[in-house]
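coords.tsv (TSV, C-alpha atoms) appears below.
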```
chain	number	residue	atom	x	y	z
A	6	MET	CA	0.00	0.00	0.00
A	7	ILE	CA	1.17	3.54	-0.78
A	8	GLN	CA	0.37	6.89	0.81
A	9	ALA	CA	1.87	9.23	-1.80
A	10	ALA	CA	3.23	9.35	-5.34
A	11	VAL	CA	6.25	11.13	-6.79
A	12	PHE	CA	6.44	11.79	-10.53
A	13	ASP	CA	9.19	12.38	-13.02
A	14	LEU	CA	8.32	15.25	-15.38
A	15	ASP	CA	9.74	15.10	-18.93
A	16	GLY	CA	8.62	11.93	-20.69
A	17	THR	CA	6.24	11.01	-17.88
A	18	LEU	CA	3.83	13.93	-17.48
A	19	ALA	CA	4.95	16.22	-20.31
A	20	ASP	CA	5.56	15.15	-23.90
A	21	THR	CA	8.76	17.18	-24.20
A	22	PRO	CA	11.58	14.71	-25.09
A	23	ALA	CA	11.37	15.31	-28.85
A	24	ALA	CA	11.44	19.09	-28.36
A	25	ILE	CA	14.36	18.75	-25.95
A	26	GLY	CA	16.27	16.73	-28.53
A	27	ARG	CA	15.63	19.31	-31.26
A	28	LEU	CA	16.71	22.19	-29.05
A	29	LEU	CA	19.87	20.45	-27.87
A	30	THR	CA	20.83	19.76	-31.49
A	31	ARG	CA	20.16	23.39	-32.43
A	32	VAL	CA	22.07	24.86	-29.50
A	33	CYS	CA	25.04	22.59	-30.03
A	34	ALA	CA	25.16	23.65	-33.68
A	35	GLU	CA	25.10	27.30	-32.63
A	36	TYR	CA	28.11	26.66	-30.41
A	37	GLY	CA	30.11	24.76	-33.01
A	38	ALA	CA	29.22	21.12	-32.33
A	39	ASP	CA	27.50	19.13	-35.07
A	40	VAL	CA	25.81	16.41	-33.04
A	41	THR	CA	23.58	13.63	-34.31
A	42	GLU	CA	20.20	12.47	-33.04
A	43	ALA	CA	21.89	9.30	-31.76
A	44	GLN	CA	24.32	11.38	-29.71
A	45	VAL	CA	21.61	13.58	-28.25
A	46	ALA	CA	19.08	10.85	-27.40
A	47	PRO	CA	20.94	9.37	-24.36
A	48	THR	CA	21.15	12.81	-22.71
A	49	ILE	CA	17.39	13.48	-22.71
A	50	GLY	CA	15.99	13.32	-19.21
A	51	LYS	CA	19.39	13.80	-17.59
A	52	PRO	CA	20.75	16.96	-15.89
A	53	LEU	CA	21.21	19.67	-18.51
A	54	GLU	CA	24.63	21.12	-17.68
A	55	PRO	CA	26.67	17.90	-17.88
A	56	SER	CA	24.67	16.81	-20.94
A	57	VAL	CA	25.42	20.02	-22.83
A	58	ALA	CA	29.06	19.90	-21.74
A	59	ALA	CA	29.45	16.35	-23.04
A	60	LEU	CA	27.79	17.16	-26.35
A	61	LEU	CA	30.01	20.23	-26.82
A	62	GLY	CA	33.13	18.38	-25.70
A	63	ARG	CA	33.74	20.94	-22.96
A	64	ALA	CA	33.90	21.01	-19.18
A	65	VAL	CA	30.76	21.67	-17.16
A	66	ASP	CA	32.30	24.87	-15.78
A	67	ASP	CA	33.46	26.12	-19.19
A	68	PRO	CA	31.93	29.56	-19.97
A	69	VAL	CA	30.84	28.25	-23.38
A	70	THR	CA	28.86	25.49	-21.68
A	71	ALA	CA	27.20	28.06	-19.43
A	72	ARG	CA	26.22	30.24	-22.39
A	73	ALA	CA	24.86	27.24	-24.29
A	74	VAL	CA	22.78	26.16	-21.27
A	75	THR	CA	21.37	29.68	-20.94
A	76	ARG	CA	20.54	29.72	-24.64
A	77	TYR	CA	18.81	26.34	-24.40
A	78	ARG	CA	16.65	27.51	-21.50
A	79	GLU	CA	15.69	30.69	-23.37
A	80	LEU	CA	14.62	28.65	-26.39
A	81	PHE	CA	12.73	26.14	-24.24
A	82	ASP	CA	10.77	28.91	-22.54
A	83	ALA	CA	9.96	30.63	-25.85
A	84	ASP	CA	9.39	27.67	-28.17
A	85	VAL	CA	8.11	24.88	-25.91
A	86	LEU	CA	6.35	26.33	-22.87
A	87	SER	CA	4.14	28.39	-25.16
A	88	ALA	CA	2.28	25.16	-26.04
A	89	GLY	CA	0.88	25.15	-22.50
A	90	PRO	CA	-1.43	22.30	-21.46
A	91	ALA	CA	-1.06	20.71	-24.90
A	92	LEU	CA	2.36	19.52	-23.74
A	93	LEU	CA	0.78	17.02	-21.37
A	94	TYR	CA	0.36	13.41	-22.37
A	95	GLU	CA	-3.22	12.30	-22.84
A	96	GLY	CA	-5.08	11.85	-19.58
A	97	VAL	CA	-2.44	13.39	-17.31
A	98	ALA	CA	-4.39	16.36	-15.95
A	99	GLU	CA	-7.54	14.33	-15.40
A	100	GLY	CA	-5.61	11.41	-13.93
A	101	LEU	CA	-3.71	13.57	-11.47
A	102	ARG	CA	-6.96	15.15	-10.30
A	103	GLU	CA	-8.47	11.71	-9.80
A	104	LEU	CA	-5.51	10.67	-7.66
A	105	ARG	CA	-5.81	13.82	-5.59
A	106	GLU	CA	-9.51	13.17	-5.13
A	107	ARG	CA	-8.60	9.76	-3.74
A	108	GLY	CA	-6.55	11.59	-1.08
A	109	LEU	CA	-3.13	10.76	-2.54
A	110	PRO	CA	-0.52	13.52	-2.02
A	111	LEU	CA	1.63	14.12	-5.10
A	112	ALA	CA	5.15	15.45	-5.65
A	113	VAL	CA	7.61	15.85	-8.51
A	114	GLY	CA	11.19	14.60	-8.55
A	115	THR	CA	12.99	15.66	-11.74
A	116	SER	CA	16.43	16.05	-13.28
A	117	LYS	CA	15.41	19.56	-14.30
A	118	ILE	CA	16.51	22.36	-12.01
A	119	SER	CA	13.63	23.38	-9.76
A	120	ALA	CA	13.01	26.74	-11.47
A	121	SER	CA	12.63	25.07	-14.87
A	122	ALA	CA	10.36	22.39	-13.40
A	123	GLU	CA	8.16	25.04	-11.78
A	124	LYS	CA	7.86	26.88	-15.10
A	125	LEU	CA	6.81	23.73	-16.96
A	126	LEU	CA	4.28	22.73	-14.31
A	127	ALA	CA	2.79	26.22	-14.30
A	128	ALA	CA	2.67	26.44	-18.11
A	129	THR	CA	0.84	23.12	-18.37
A	130	GLY	CA	-1.66	24.09	-15.67
A	131	ILE	CA	-0.94	21.29	-13.21
A	132	ARG	CA	1.25	22.98	-10.57
A	133	GLU	CA	-1.63	23.21	-8.09
A	134	LEU	CA	-2.00	19.42	-8.11
A	135	PHE	CA	1.44	18.90	-6.58
A	136	GLY	CA	3.02	19.64	-3.25
A	137	PRO	CA	6.83	19.50	-3.23
A	138	VAL	CA	8.82	19.87	-6.44
A	139	VAL	CA	12.36	18.52	-6.04
A	140	GLY	CA	14.76	19.53	-8.80
A	141	ASN	CA	18.27	18.32	-9.48
A	142	ASP	CA	19.67	21.51	-7.93
A	143	MET	CA	18.10	20.57	-4.60
A	144	VAL	CA	20.09	17.37	-4.07
A	145	ARG	CA	23.79	16.60	-3.89
A	146	ARG	CA	23.49	13.48	-6.03
A	147	GLY	CA	20.98	13.09	-8.84
A	148	LYS	CA	19.30	9.99	-10.19
A	149	PRO	CA	19.87	7.06	-9.92
A	150	ASP	CA	21.06	7.91	-6.41
A	151	PRO	CA	18.08	7.59	-4.02
A	152	GLU	CA	18.55	11.09	-2.57
A	153	MET	CA	15.91	12.76	-4.77
A	154	GLY	CA	13.27	10.17	-3.96
A	155	LEU	CA	14.07	10.31	-0.27
A	156	ARG	CA	13.94	14.12	-0.30
A	157	ALA	CA	10.55	14.12	-2.01
A	158	ALA	CA	9.16	11.57	0.44
A	159	SER	CA	10.49	13.56	3.38
A	160	ASP	CA	8.97	16.78	2.05
A	161	LEU	CA	5.64	14.97	1.68
A	162	GLY	CA	5.92	13.68	5.24
A	163	VAL	CA	5.52	10.08	4.07
A	164	PRO	CA	8.03	7.20	4.50
A	165	ALA	CA	9.77	6.42	1.21
A	166	GLU	CA	8.59	2.82	1.37
A	167	ARG	CA	4.99	4.11	1.31
A	168	CYS	CA	5.60	6.14	-1.87
A	169	ALA	CA	5.45	5.22	-5.54
A	170	TYR	CA	7.82	6.78	-8.04
A	171	ILE	CA	6.58	7.07	-11.62
A	172	GLY	CA	9.09	7.61	-14.42
A	173	ASP	CA	10.03	6.68	-17.96
A	174	THR	CA	13.66	5.53	-17.76
A	175	SER	CA	15.68	2.76	-16.16
A	176	THR	CA	17.52	5.49	-14.22
A	177	ASP	CA	14.19	6.53	-12.68
A	178	MET	CA	13.45	2.95	-11.69
A	179	ARG	CA	16.91	2.40	-10.21
A	180	MET	CA	16.40	5.48	-8.06
A	181	ALA	CA	12.97	4.31	-6.97
A	182	ILE	CA	14.19	0.87	-5.99
A	183	SER	CA	17.23	2.27	-4.17
A	184	ALA	CA	14.96	4.59	-2.19
A	185	GLY	CA	12.61	1.73	-1.31
A	186	MET	CA	9.75	3.19	-3.36
A	187	LEU	CA	7.26	1.33	-5.53
A	188	PRO	CA	8.71	1.58	-9.08
A	189	VAL	CA	6.14	2.37	-11.77
A	190	ALA	CA	7.37	2.81	-15.36
A	191	VAL	CA	5.60	4.36	-18.33
A	192	THR	CA	6.52	3.05	-21.76
A	193	TYR	CA	5.53	6.11	-23.81
A	194	GLY	CA	8.54	8.23	-22.78
A	195	VAL	CA	12.27	7.86	-23.39
A	196	GLY	CA	13.11	4.43	-21.99
A	197	ALA	CA	12.82	1.21	-23.95
A	198	GLU	CA	10.09	-1.08	-22.65
A	199	THR	CA	12.47	-4.04	-22.46
A	200	GLU	CA	14.87	-2.28	-20.10
A	201	LEU	CA	12.01	-1.04	-17.94
A	202	ILE	CA	10.63	-4.56	-17.63
A	203	ASP	CA	14.09	-5.92	-16.86
A	204	GLY	CA	14.38	-3.32	-14.10
A	205	GLY	CA	11.51	-4.91	-12.19
A	206	ALA	CA	9.06	-2.00	-12.49
A	207	LEU	CA	5.30	-2.15	-12.79
A	208	ILE	CA	4.65	-1.34	-16.46
A	209	CYS	CA	2.07	1.17	-17.67
A	210	ARG	CA	1.46	1.93	-21.34
A	211	SER	CA	-0.74	4.98	-20.79
A	212	PHE	CA	-1.36	7.49	-18.03
A	213	GLY	CA	-4.74	5.88	-17.49
A	214	GLU	CA	-2.89	2.69	-16.57
A	215	VAL	CA	-0.74	4.71	-14.15
A	216	VAL	CA	-3.86	5.92	-12.37
A	217	GLN	CA	-5.30	2.41	-12.27
A	218	THR	CA	-2.04	0.91	-10.96
A	219	LEU	CA	-1.64	3.51	-8.23
A	220	SER	CA	-5.30	3.25	-7.26
A	221	GLU	CA	-4.86	-0.46	-6.72
A	222	HIS	CA	-2.12	0.31	-4.20
A	223	VAL	CA	-3.99	3.05	-2.32
A	224	PRO	CA	-5.91	2.02	0.79
A	225	ALA	CA	-9.34	3.38	1.62
A	226	ASP	CA	-7.66	5.89	3.94
A	227	PRO	CA	-4.18	6.68	2.50
A	228	VAL	CA	-3.20	8.88	5.45
A	229	ARG	CA	-3.72	6.16	8.04
A	230	ALA	CA	-2.40	3.20	6.07
```

Would you mind writing the file's structure down as structure tokens?
Amino acid sequence: MIQAAVFDLDGTLADTPAAIGRLLTRVCAEYGADVTEAQVAPTIGKPLEPSVAALLGRAVDDPVTARAVTRYRELFDADVLSAGPALLYEGVAEGLRELRERGLPLAVGTSKISASAEKLLAATGIRELFGPVVGNDMVRRGKPDPEMGLRAASDLGVPAERCAYIGDTSTDMRMAISAGMLPVAVTYGVGAETELIDGGALICRSFGEVVQTLSEHVPADPVRA
């Protein structure tokens, strides 16, 4: 039984991975690196600064990396956030509201920095459905280290072992398992279904299935379970 749920953001709630890939390719080209789709794909869903640095072949603290990261965030805000609620996968807003109506507290744990996560949640109209938002800048060690999951659980006031973590990559599932959380994987994001299954997660092929799976693990009174 679970008392709360923590969600990844890109590729789980918001259909942004393709846009992220396009913007990374564009920004890298602007800063002199001709990267391929195959090179960009493994970086999607991971912390931005080290991903951009690796694609540019520069250090994380290189001024060029910093300028490229700033440029990426400017483009993301202008070109992606403007889509608003249309960025959400089908059924996400309704499903989250259903979970809240069942008394399940919700949080976000994402490899985005917290400011970027807050902007995306606000633009898509679902910020009010969540309590804590834990970004990569709020932990010392990002996924797959369990720190993010443990921080989110602590901020919710719920033991980690009574939380589910919902994500779309094997890294998400490794974090969930390390933190003692119920691992729930969606197959419509970045991660390959085979690797998610091999990671031991509960598999959901739509957000409606996420809601159904979580509901099956929520007691009649989530707070007292």

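Every protein or nucleic acid residue with an atom no more than 8 Å from Gly114 in chain A, counting all atoms listed in the file and leaving out same-chain residues fewer than 6 positions away, appears here: Val11, Phe12, Asp13, Leu14, Val138, Val139, Gly140, Met153, Gly154 and Ala157 of chain A.
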
Selected residue of minimal separation from Lys148 in chain A among A:Thr129, A:Thr30, A:Thr176, A:Thr70, counting only C-alpha atoms: A:Thr176

Option closest in space to Ile202 in chain A, from A:Ala225, A:Cys168, A:Met186, A:Met178 [counting all atoms listed in the file]: A:Met178

Listed atoms of range 37-41 of chain A boxed axis-aligned with 4 Å per side, centre + edges as AutoDock Vina command-line options:
```
--center_x 26.8 --center_y 19.2 --center_z -33.7 --size_x 14.5 --size_y 19.1 --size_z 10.7
```

Atom-to-atom span, CA of Ser119 in chain A and CA of Glu35 in chain A, Å: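 If I compute the distance from CA of Ser119 in chain A to CA of Glu35 in chain A, I get 25.9 Å.
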
Taking (5.1, 20.3, -25.8) in the file's coordinates as the center, which residues reach within 8 Å of it, counting all atoms listed in the file, put as a compact mmCIF listing (two decimals) with C-alpha atoms, in the coordinates of the input?
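out_27.txt written:
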```txt
# COMPACT_ATOMS: atom_id res chain seq x y z
CA ALA A 19 4.95 16.22 -20.31
CA ASP A 20 5.56 15.15 -23.90
CA THR A 21 8.76 17.18 -24.20
CA ALA A 24 11.44 19.09 -28.36
CA VAL A 85 8.11 24.88 -25.91
CA LEU A 86 6.35 26.33 -22.87
CA ALA A 88 2.28 25.16 -26.04
CA GLY A 89 0.88 25.15 -22.50
CA ALA A 91 -1.06 20.71 -24.90
CA LEU A 92 2.36 19.52 -23.74
CA LEU A 93 0.78 17.02 -21.37
```

Who sits within 12 Å of Glu200 in chain A, only C-alpha atoms, same chain under 6 positions skipped, as a PyMOL selection string: chain A and resi 173-179+190-192+206+208

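Straight-line separation from CA of Gln8 in chain A to CA of Arg167 in chain A: 5.4 Å.
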
Residue nearest Ala9 in chain A - candidates A:Leu111, A:Leu187, A:Leu201, A:Ala120, atoms counted: only C-alpha atoms: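 With only C-alpha atoms as the atom set, the closest residue is A:Leu111.
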